Amino acid sequence: MAYAAARAAIGDSEFDRDTAVVPRPGEPGTYDLALSPGWTIIQAVNGGYLLAVVGRALRDALPHDDPFTVTAHYLTASQPGPAVIRTETVRAGRTMSTGQASLYQTDDEGREIERIRVIAAYGDLDALPDDVRTAALPPQMPGYEDCVSSHDAPAGSGPVPGSTAIVDRLDLRLDPATAGWAIGFPSGRGDMRGWLGLADGRDHDPLSLLLAVDALPPTAFDLGIKGWVPTVELTVHIRCRPAPGPVRVSVTTRNLAGGYLEEDVQVWDAADRLVAQSRQLARAPRG
């Protein structure tokens, strides 16, 4: 009941409702929640959504609000349903605090299973200096209206049947140059680019950027490899608070070897600022 009340109090944003956490009475740093089936890939919960859920719990537990760097190891596949997050404050400084957290679910035999373990540093993005020196450039891609929505794909297309739950939560428009895999013509380059918003119109903030870095289809699809691509480890750097509107996300893979691939991600806002970066190690689909 406490979870349902907290979820309802958040308001109209589906993302905020579905990432709601409730402090457990008498257990400081412990939070109850329910993982929504709306953010799944096949049957497993999306890794970026999981990171945002844990990130919200850490934001509540730590004295600072904004994630600066978050590193997660995905231990077992999370399923929709009840879960608990246990946090620990490692260090609380004046400008930055560090914490760790783990998300657990209970299996059919009543055993508690750890799903994801996170360590993160939080601070105040608005207090950072505005000096920017970068060689990074926004991705070259068509405008929002000229990119391809998931609703434009032919029925039954794509390499992962039944994977549409999270797609309905997102306003995703792929660069046509990186969308050929959906109709059987992957480029083989290992690139994915697109505009990304939330389907309910909510603007991005630092927590939703934790989702954004893992929201596009995996680059394995552009390499011509079909199937689920589970994340093993994901590190995210949040660089600044994003401007209103959809962000541009660029994902690249330069090496697939030994059954694993990396994905390097850049997220740019409407003001042409690099607002988030990430690298993840993922397991390539098994034949």
# chains A, B, ... in the order shown; residues from 1 in each chain; ligands from 1
>>> closest_atom_pairs(of="stretch 183-286 of chain A", to="stretch 37-61 of chain A", cutoff="9 Å", atoms="only C-alpha atoms", output="JSON lines")
{"residue": "A:Leu207", "atom": "CA", "partner": "A:Ala52", "partner_atom": "CA", "distance": 5.5}
{"residue": "A:Ser208", "atom": "CA", "partner": "A:Ala52", "partner_atom": "CA", "distance": 6.5}
{"residue": "A:Leu209", "atom": "CA", "partner": "A:Ala52", "partner_atom": "CA", "distance": 8.1}
{"residue": "A:Leu210", "atom": "CA", "partner": "A:Ala52", "partner_atom": "CA", "distance": 5.5}
{"residue": "A:Leu211", "atom": "CA", "partner": "A:Gly48", "partner_atom": "CA", "distance": 3.9}
{"residue": "A:Ala212", "atom": "CA", "partner": "A:Gly48", "partner_atom": "CA", "distance": 6.9}
{"residue": "A:Val213", "atom": "CA", "partner": "A:Gly48", "partner_atom": "CA", "distance": 6.8}
{"residue": "A:Asp214", "atom": "CA", "partner": "A:Gly48", "partner_atom": "CA", "distance": 4.9}
{"residue": "A:Ala215", "atom": "CA", "partner": "A:Gly48", "partner_atom": "CA", "distance": 6.7}
{"residue": "A:Trp228", "atom": "CA", "partner": "A:Ile42", "partner_atom": "CA", "distance": 7.7}
{"residue": "A:Pro230", "atom": "CA", "partner": "A:Gly47", "partner_atom": "CA", "distance": 8.2}
{"residue": "A:Thr231", "atom": "CA", "partner": "A:Gly47", "partner_atom": "CA", "distance": 6.8}
{"residue": "A:Leu234", "atom": "CA", "partner": "A:Gly47", "partner_atom": "CA", "distance": 8.6}
>>> select_by_dssp(residues="stretch 165-273 of chain A", states="helix (DSSP H, G or I)", output="number ranges by chain")
A: 166-169, 176-178, 180-183, 206-212, 219-222
>>> write_last_selection(atoms="N, CA, C and O atoms", output="PDB file, in the first residue's frame")
ATOM      1  N   ILE A 166       9.315  -2.061 -23.889  1.00  0.00           N
ATOM      2  CA  ILE A 166      10.033  -0.820 -23.604  1.00  0.00           C
ATOM      3  C   ILE A 166       9.875   0.181 -24.742  1.00  0.00           C
ATOM      4  O   ILE A 166       9.842   1.396 -24.503  1.00  0.00           O
ATOM      5  N   VAL A 167       9.720  -0.297 -25.966  1.00  0.00           N
ATOM      6  CA  VAL A 167       9.564   0.604 -27.111  1.00  0.00           C
ATOM      7  C   VAL A 167       8.340   1.499 -26.929  1.00  0.00           C
ATOM      8  O   VAL A 167       8.346   2.678 -27.301  1.00  0.00           O
ATOM      9  N   ASP A 168       7.287   0.961 -26.322  1.00  0.00           N
ATOM     10  CA  ASP A 168       6.073   1.742 -26.114  1.00  0.00           C
ATOM     11  C   ASP A 168       6.247   2.813 -25.050  1.00  0.00           C
ATOM     12  O   ASP A 168       5.422   3.725 -24.943  1.00  0.00           O
ATOM     13  N   ARG A 169       7.278   2.742 -24.256  1.00  0.00           N
ATOM     14  CA  ARG A 169       7.552   3.746 -23.216  1.00  0.00           C
ATOM     15  C   ARG A 169       8.407   4.893 -23.747  1.00  0.00           C
ATOM     16  O   ARG A 169       8.587   5.900 -23.070  1.00  0.00           O
ATOM     17  N   PRO A 176      17.965   6.632 -40.205  1.00  0.00           N
ATOM     18  CA  PRO A 176      17.751   5.578 -41.202  1.00  0.00           C
ATOM     19  C   PRO A 176      19.031   4.833 -41.571  1.00  0.00           C
ATOM     20  O   PRO A 176      18.978   3.638 -41.909  1.00  0.00           O
ATOM     21  N   ALA A 177      20.182   5.500 -41.486  1.00  0.00           N
ATOM     22  CA  ALA A 177      21.442   4.846 -41.841  1.00  0.00           C
ATOM     23  C   ALA A 177      21.806   3.737 -40.868  1.00  0.00           C
ATOM     24  O   ALA A 177      22.642   2.896 -41.187  1.00  0.00           O
ATOM     25  N   THR A 178      21.191   3.731 -39.679  1.00  0.00           N
ATOM     26  CA  THR A 178      21.496   2.690 -38.692  1.00  0.00           C
ATOM     27  C   THR A 178      20.278   1.818 -38.388  1.00  0.00           C
ATOM     28  O   THR A 178      20.270   1.076 -37.395  1.00  0.00           O
ATOM     29  N   GLY A 180      18.729  -0.216 -40.902  1.00  0.00           N
ATOM     30  CA  GLY A 180      18.525  -1.233 -41.931  1.00  0.00           C
ATOM     31  C   GLY A 180      18.334  -2.629 -41.376  1.00  0.00           C
ATOM     32  O   GLY A 180      17.680  -3.477 -42.005  1.00  0.00           O
ATOM     33  N   TRP A 181      18.904  -2.920 -40.197  1.00  0.00           N
ATOM     34  CA  TRP A 181      18.759  -4.248 -39.594  1.00  0.00           C
ATOM     35  C   TRP A 181      17.288  -4.640 -39.392  1.00  0.00           C
ATOM     36  O   TRP A 181      16.946  -5.826 -39.418  1.00  0.00           O
ATOM     37  N   ALA A 182      16.412  -3.624 -39.193  1.00  0.00           N
ATOM     38  CA  ALA A 182      15.007  -3.919 -38.906  1.00  0.00           C
ATOM     39  C   ALA A 182      14.291  -4.541 -40.095  1.00  0.00           C
ATOM     40  O   ALA A 182      13.246  -5.176 -39.926  1.00  0.00           O
ATOM     41  N   ILE A 183      14.835  -4.349 -41.309  1.00  0.00           N
ATOM     42  CA  ILE A 183      14.219  -4.942 -42.505  1.00  0.00           C
ATOM     43  C   ILE A 183      15.188  -5.915 -43.181  1.00  0.00           C
ATOM     44  O   ILE A 183      15.067  -6.209 -44.354  1.00  0.00           O
ATOM     45  N   PRO A 206      18.842  14.057 -15.010  1.00  0.00           N
ATOM     46  CA  PRO A 206      19.968  13.148 -14.798  1.00  0.00           C
ATOM     47  C   PRO A 206      19.560  11.692 -14.594  1.00  0.00           C
ATOM     48  O   PRO A 206      20.250  10.787 -15.065  1.00  0.00           O
ATOM     49  N   LEU A 207      18.438  11.441 -13.915  1.00  0.00           N
ATOM     50  CA  LEU A 207      18.024  10.056 -13.702  1.00  0.00           C
ATOM     51  C   LEU A 207      17.593   9.385 -15.005  1.00  0.00           C
ATOM     52  O   LEU A 207      17.933   8.224 -15.256  1.00  0.00           O
ATOM     53  N   SER A 208      16.849  10.097 -15.843  1.00  0.00           N
ATOM     54  CA  SER A 208      16.421   9.470 -17.096  1.00  0.00           C
ATOM     55  C   SER A 208      17.577   9.290 -18.074  1.00  0.00           C
ATOM     56  O   SER A 208      17.507   8.453 -18.981  1.00  0.00           O
ATOM     57  N   LEU A 209      18.670  10.071 -17.901  1.00  0.00           N
ATOM     58  CA  LEU A 209      19.854   9.836 -18.727  1.00  0.00           C
ATOM     59  C   LEU A 209      20.478   8.471 -18.429  1.00  0.00           C
ATOM     60  O   LEU A 209      21.115   7.873 -19.300  1.00  0.00           O
ATOM     61  N   LEU A 210      20.290   7.967 -17.197  1.00  0.00           N
ATOM     62  CA  LEU A 210      20.767   6.616 -16.876  1.00  0.00           C
ATOM     63  C   LEU A 210      20.028   5.572 -17.705  1.00  0.00           C
ATOM     64  O   LEU A 210      20.583   4.528 -18.040  1.00  0.00           O
ATOM     65  N   LEU A 211      18.782   5.857 -18.026  1.00  0.00           N
ATOM     66  CA  LEU A 211      18.027   5.007 -18.954  1.00  0.00           C
ATOM     67  C   LEU A 211      18.470   5.221 -20.385  1.00  0.00           C
ATOM     68  O   LEU A 211      18.634   4.267 -21.155  1.00  0.00           O
ATOM     69  N   ALA A 212      18.693   6.492 -20.768  1.00  0.00           N
ATOM     70  CA  ALA A 212      18.960   6.835 -22.164  1.00  0.00           C
ATOM     71  C   ALA A 212      20.186   6.122 -22.723  1.00  0.00           C
ATOM     72  O   ALA A 212      20.220   5.770 -23.907  1.00  0.00           O
ATOM     73  N   THR A 219      23.922  -2.513 -30.724  1.00  0.00           N
ATOM     74  CA  THR A 219      24.685  -2.433 -31.964  1.00  0.00           C
ATOM     75  C   THR A 219      24.907  -3.799 -32.589  1.00  0.00           C
ATOM     76  O   THR A 219      25.223  -3.880 -33.779  1.00  0.00           O
ATOM     77  N   ALA A 220      24.741  -4.865 -31.812  1.00  0.00           N
ATOM     78  CA  ALA A 220      24.848  -6.212 -32.396  1.00  0.00           C
ATOM     79  C   ALA A 220      23.866  -6.385 -33.550  1.00  0.00           C
ATOM     80  O   ALA A 220      24.157  -7.092 -34.520  1.00  0.00           O
ATOM     81  N   PHE A 221      22.706  -5.727 -33.468  1.00  0.00           N
ATOM     82  CA  PHE A 221      21.736  -5.832 -34.552  1.00  0.00           C
ATOM     83  C   PHE A 221      22.314  -5.276 -35.846  1.00  0.00           C
ATOM     84  O   PHE A 221      22.100  -5.829 -36.926  1.00  0.00           O
ATOM     85  N   ASP A 222      23.042  -4.150 -35.747  1.00  0.00           N
ATOM     86  CA  ASP A 222      23.648  -3.550 -36.931  1.00  0.00           C
ATOM     87  C   ASP A 222      24.814  -4.385 -37.445  1.00  0.00           C
ATOM     88  O   ASP A 222      25.230  -4.234 -38.588  1.00  0.00           O
TER      89      ASP A 222
END
>>> atom_distance(atom1="atom CA of A:Arg133", atom2="atom CA of A:His204")
23.8 Å
>>> atom_distance(atom1="atom CA of A:Asp191", atom2="atom CA of A:Ser250")
7.6 Å
>>> atom_distance(atom1="atom CA of A:Gly81", atom2="atom CA of A:Leu35")
5.0 Å
>>> residues_around(residues="stretch 238-244 of chain A", least_positions_apart="5", cutoff="9 Å", atoms="only C-alpha atoms", output="number ranges by chain")
A: 66-70, 125-126, 128, 202-206, 209-210, 268-271, 273-278
>>> decode(residues="stretch 10-42 of chain A", atoms="N, CA, C and O atoms", output="mmCIF file, in the first residue's frame")
data_model
loop_
_atom_site.group_PDB
_atom_site.id
_atom_site.type_symbol
_atom_site.label_atom_id
_atom_site.label_comp_id
_atom_site.auth_asym_id
_atom_site.auth_seq_id
_atom_site.Cartn_x
_atom_site.Cartn_y
_atom_site.Cartn_z
ATOM 1 N N ILE A 10 3.553 10.700 -7.298
ATOM 2 C CA ILE A 10 4.599 11.249 -8.155
ATOM 3 C C ILE A 10 4.011 12.085 -9.282
ATOM 4 O O ILE A 10 4.580 13.084 -9.696
ATOM 5 N N GLY A 11 2.844 11.678 -9.804
ATOM 6 C CA GLY A 11 2.245 12.481 -10.857
ATOM 7 C C GLY A 11 2.076 11.726 -12.159
ATOM 8 O O GLY A 11 1.932 10.501 -12.167
ATOM 9 N N ASP A 12 2.115 12.474 -13.265
ATOM 10 C CA ASP A 12 1.711 11.935 -14.552
ATOM 11 C C ASP A 12 2.806 11.175 -15.295
ATOM 12 O O ASP A 12 2.520 10.465 -16.248
ATOM 13 N N SER A 13 4.061 11.334 -14.924
ATOM 14 C CA SER A 13 5.136 10.719 -15.685
ATOM 15 C C SER A 13 5.219 9.214 -15.418
ATOM 16 O O SER A 13 5.383 8.780 -14.277
ATOM 17 N N GLU A 14 5.097 8.444 -16.494
ATOM 18 C CA GLU A 14 5.196 6.995 -16.353
ATOM 19 C C GLU A 14 6.577 6.587 -15.865
ATOM 20 O O GLU A 14 6.712 5.687 -15.028
ATOM 21 N N PHE A 15 7.615 7.249 -16.362
ATOM 22 C CA PHE A 15 8.972 6.933 -15.918
ATOM 23 C C PHE A 15 9.121 7.150 -14.414
ATOM 24 O O PHE A 15 9.669 6.306 -13.696
ATOM 25 N N ASP A 16 8.626 8.269 -13.913
ATOM 26 C CA ASP A 16 8.752 8.553 -12.487
ATOM 27 C C ASP A 16 7.935 7.572 -11.650
ATOM 28 O O ASP A 16 8.395 7.109 -10.596
ATOM 29 N N ARG A 17 6.735 7.256 -12.095
ATOM 30 C CA ARG A 17 5.922 6.294 -11.347
ATOM 31 C C ARG A 17 6.584 4.926 -11.320
ATOM 32 O O ARG A 17 6.610 4.239 -10.300
ATOM 33 N N ASP A 18 7.149 4.520 -12.466
ATOM 34 C CA ASP A 18 7.699 3.166 -12.558
ATOM 35 C C ASP A 18 9.084 3.035 -11.936
ATOM 36 O O ASP A 18 9.601 1.919 -11.805
ATOM 37 N N THR A 19 9.700 4.160 -11.568
ATOM 38 C CA THR A 19 10.979 4.103 -10.854
ATOM 39 C C THR A 19 10.819 4.495 -9.389
ATOM 40 O O THR A 19 11.815 4.691 -8.686
ATOM 41 N N ALA A 20 9.581 4.599 -8.912
ATOM 42 C CA ALA A 20 9.334 5.009 -7.527
ATOM 43 C C ALA A 20 9.888 3.972 -6.548
ATOM 44 O O ALA A 20 9.793 2.759 -6.777
ATOM 45 N N VAL A 21 10.473 4.461 -5.463
ATOM 46 C CA VAL A 21 10.956 3.608 -4.374
ATOM 47 C C VAL A 21 10.402 4.158 -3.065
ATOM 48 O O VAL A 21 10.169 5.355 -2.930
ATOM 49 N N VAL A 22 10.191 3.260 -2.091
ATOM 50 C CA VAL A 22 9.599 3.648 -0.815
ATOM 51 C C VAL A 22 10.526 3.215 0.314
ATOM 52 O O VAL A 22 10.867 2.026 0.422
ATOM 53 N N PRO A 23 10.981 4.163 1.156
ATOM 54 C CA PRO A 23 11.822 3.775 2.300
ATOM 55 C C PRO A 23 11.095 2.781 3.200
ATOM 56 O O PRO A 23 9.908 2.941 3.507
ATOM 57 N N ARG A 24 11.802 1.742 3.620
ATOM 58 C CA ARG A 24 11.205 0.741 4.491
ATOM 59 C C ARG A 24 11.307 1.216 5.944
ATOM 60 O O ARG A 24 12.407 1.500 6.429
ATOM 61 N N PRO A 25 10.181 1.289 6.634
ATOM 62 C CA PRO A 25 10.203 1.775 8.027
ATOM 63 C C PRO A 25 11.113 0.916 8.909
ATOM 64 O O PRO A 25 11.085 -0.318 8.846
ATOM 65 N N GLY A 26 11.920 1.597 9.704
ATOM 66 C CA GLY A 26 12.787 0.897 10.641
ATOM 67 C C GLY A 26 14.048 0.322 10.045
ATOM 68 O O GLY A 26 14.853 -0.267 10.764
ATOM 69 N N GLU A 27 14.247 0.483 8.717
ATOM 70 C CA GLU A 27 15.448 -0.036 8.063
ATOM 71 C C GLU A 27 16.063 1.068 7.210
ATOM 72 O O GLU A 27 15.836 1.135 6.005
ATOM 73 N N PRO A 28 16.845 1.952 7.803
ATOM 74 C CA PRO A 28 17.427 3.063 7.045
ATOM 75 C C PRO A 28 18.233 2.572 5.845
ATOM 76 O O PRO A 28 18.988 1.607 5.935
ATOM 77 N N GLY A 29 18.046 3.250 4.702
ATOM 78 C CA GLY A 29 18.775 2.886 3.492
ATOM 79 C C GLY A 29 18.181 1.736 2.713
ATOM 80 O O GLY A 29 18.752 1.319 1.698
ATOM 81 N N THR A 30 17.024 1.226 3.144
ATOM 82 C CA THR A 30 16.374 0.110 2.458
ATOM 83 C C THR A 30 15.075 0.599 1.826
ATOM 84 O O THR A 30 14.312 1.343 2.451
ATOM 85 N N TYR A 31 14.842 0.183 0.575
ATOM 86 C CA TYR A 31 13.712 0.688 -0.198
ATOM 87 C C TYR A 31 12.963 -0.473 -0.857
ATOM 88 O O TYR A 31 13.576 -1.392 -1.406
ATOM 89 N N ASP A 32 11.629 -0.395 -0.803
ATOM 90 C CA ASP A 32 10.786 -1.357 -1.510
ATOM 91 C C ASP A 32 10.320 -0.741 -2.821
ATOM 92 O O ASP A 32 10.152 0.485 -2.936
ATOM 93 N N LEU A 33 10.084 -1.598 -3.812
ATOM 94 C CA LEU A 33 9.664 -1.133 -5.132
ATOM 95 C C LEU A 33 9.047 -2.284 -5.902
ATOM 96 O O LEU A 33 9.068 -3.442 -5.442
ATOM 97 N N ALA A 34 8.498 -1.964 -7.054
ATOM 98 C CA ALA A 34 7.997 -2.981 -7.979
ATOM 99 C C ALA A 34 8.533 -2.659 -9.361
ATOM 100 O O ALA A 34 8.302 -1.558 -9.880
ATOM 101 N N LEU A 35 9.266 -3.588 -9.950
ATOM 102 C CA LEU A 35 9.789 -3.403 -11.298
ATOM 103 C C LEU A 35 8.651 -3.593 -12.303
ATOM 104 O O LEU A 35 7.968 -4.609 -12.302
ATOM 105 N N SER A 36 8.469 -2.591 -13.159
ATOM 106 C CA SER A 36 7.342 -2.596 -14.082
ATOM 107 C C SER A 36 7.607 -3.503 -15.282
ATOM 108 O O SER A 36 8.705 -3.506 -15.833
ATOM 109 N N PRO A 37 6.580 -4.233 -15.742
ATOM 110 C CA PRO A 37 6.733 -5.032 -16.965
ATOM 111 C C PRO A 37 6.826 -4.175 -18.222
ATOM 112 O O PRO A 37 7.125 -4.682 -19.297
ATOM 113 N N GLY A 38 6.578 -2.867 -18.098
ATOM 114 C CA GLY A 38 6.607 -1.987 -19.260
ATOM 115 C C GLY A 38 7.997 -1.639 -19.746
ATOM 116 O O GLY A 38 8.127 -0.988 -20.782
ATOM 117 N N TRP A 39 9.038 -2.075 -19.027
ATOM 118 C CA TRP A 39 10.415 -1.707 -19.404
ATOM 119 C C TRP A 39 11.249 -2.952 -19.671
ATOM 120 O O TRP A 39 12.438 -2.999 -19.366
ATOM 121 N N THR A 40 10.626 -3.964 -20.276
ATOM 122 C CA THR A 40 11.304 -5.232 -20.498
ATOM 123 C C THR A 40 11.799 -5.368 -21.936
ATOM 124 O O THR A 40 11.264 -4.789 -22.871
ATOM 125 N N ILE A 41 12.871 -6.162 -22.066
ATOM 126 C CA ILE A 41 13.374 -6.637 -23.351
ATOM 127 C C ILE A 41 13.200 -8.148 -23.322
ATOM 128 O O ILE A 41 13.836 -8.831 -22.518
ATOM 129 N N ILE A 42 12.371 -8.659 -24.197
ATOM 130 C CA ILE A 42 11.905 -10.050 -24.111
ATOM 131 C C ILE A 42 11.278 -10.196 -22.711
ATOM 132 O O ILE A 42 10.345 -9.480 -22.393
#
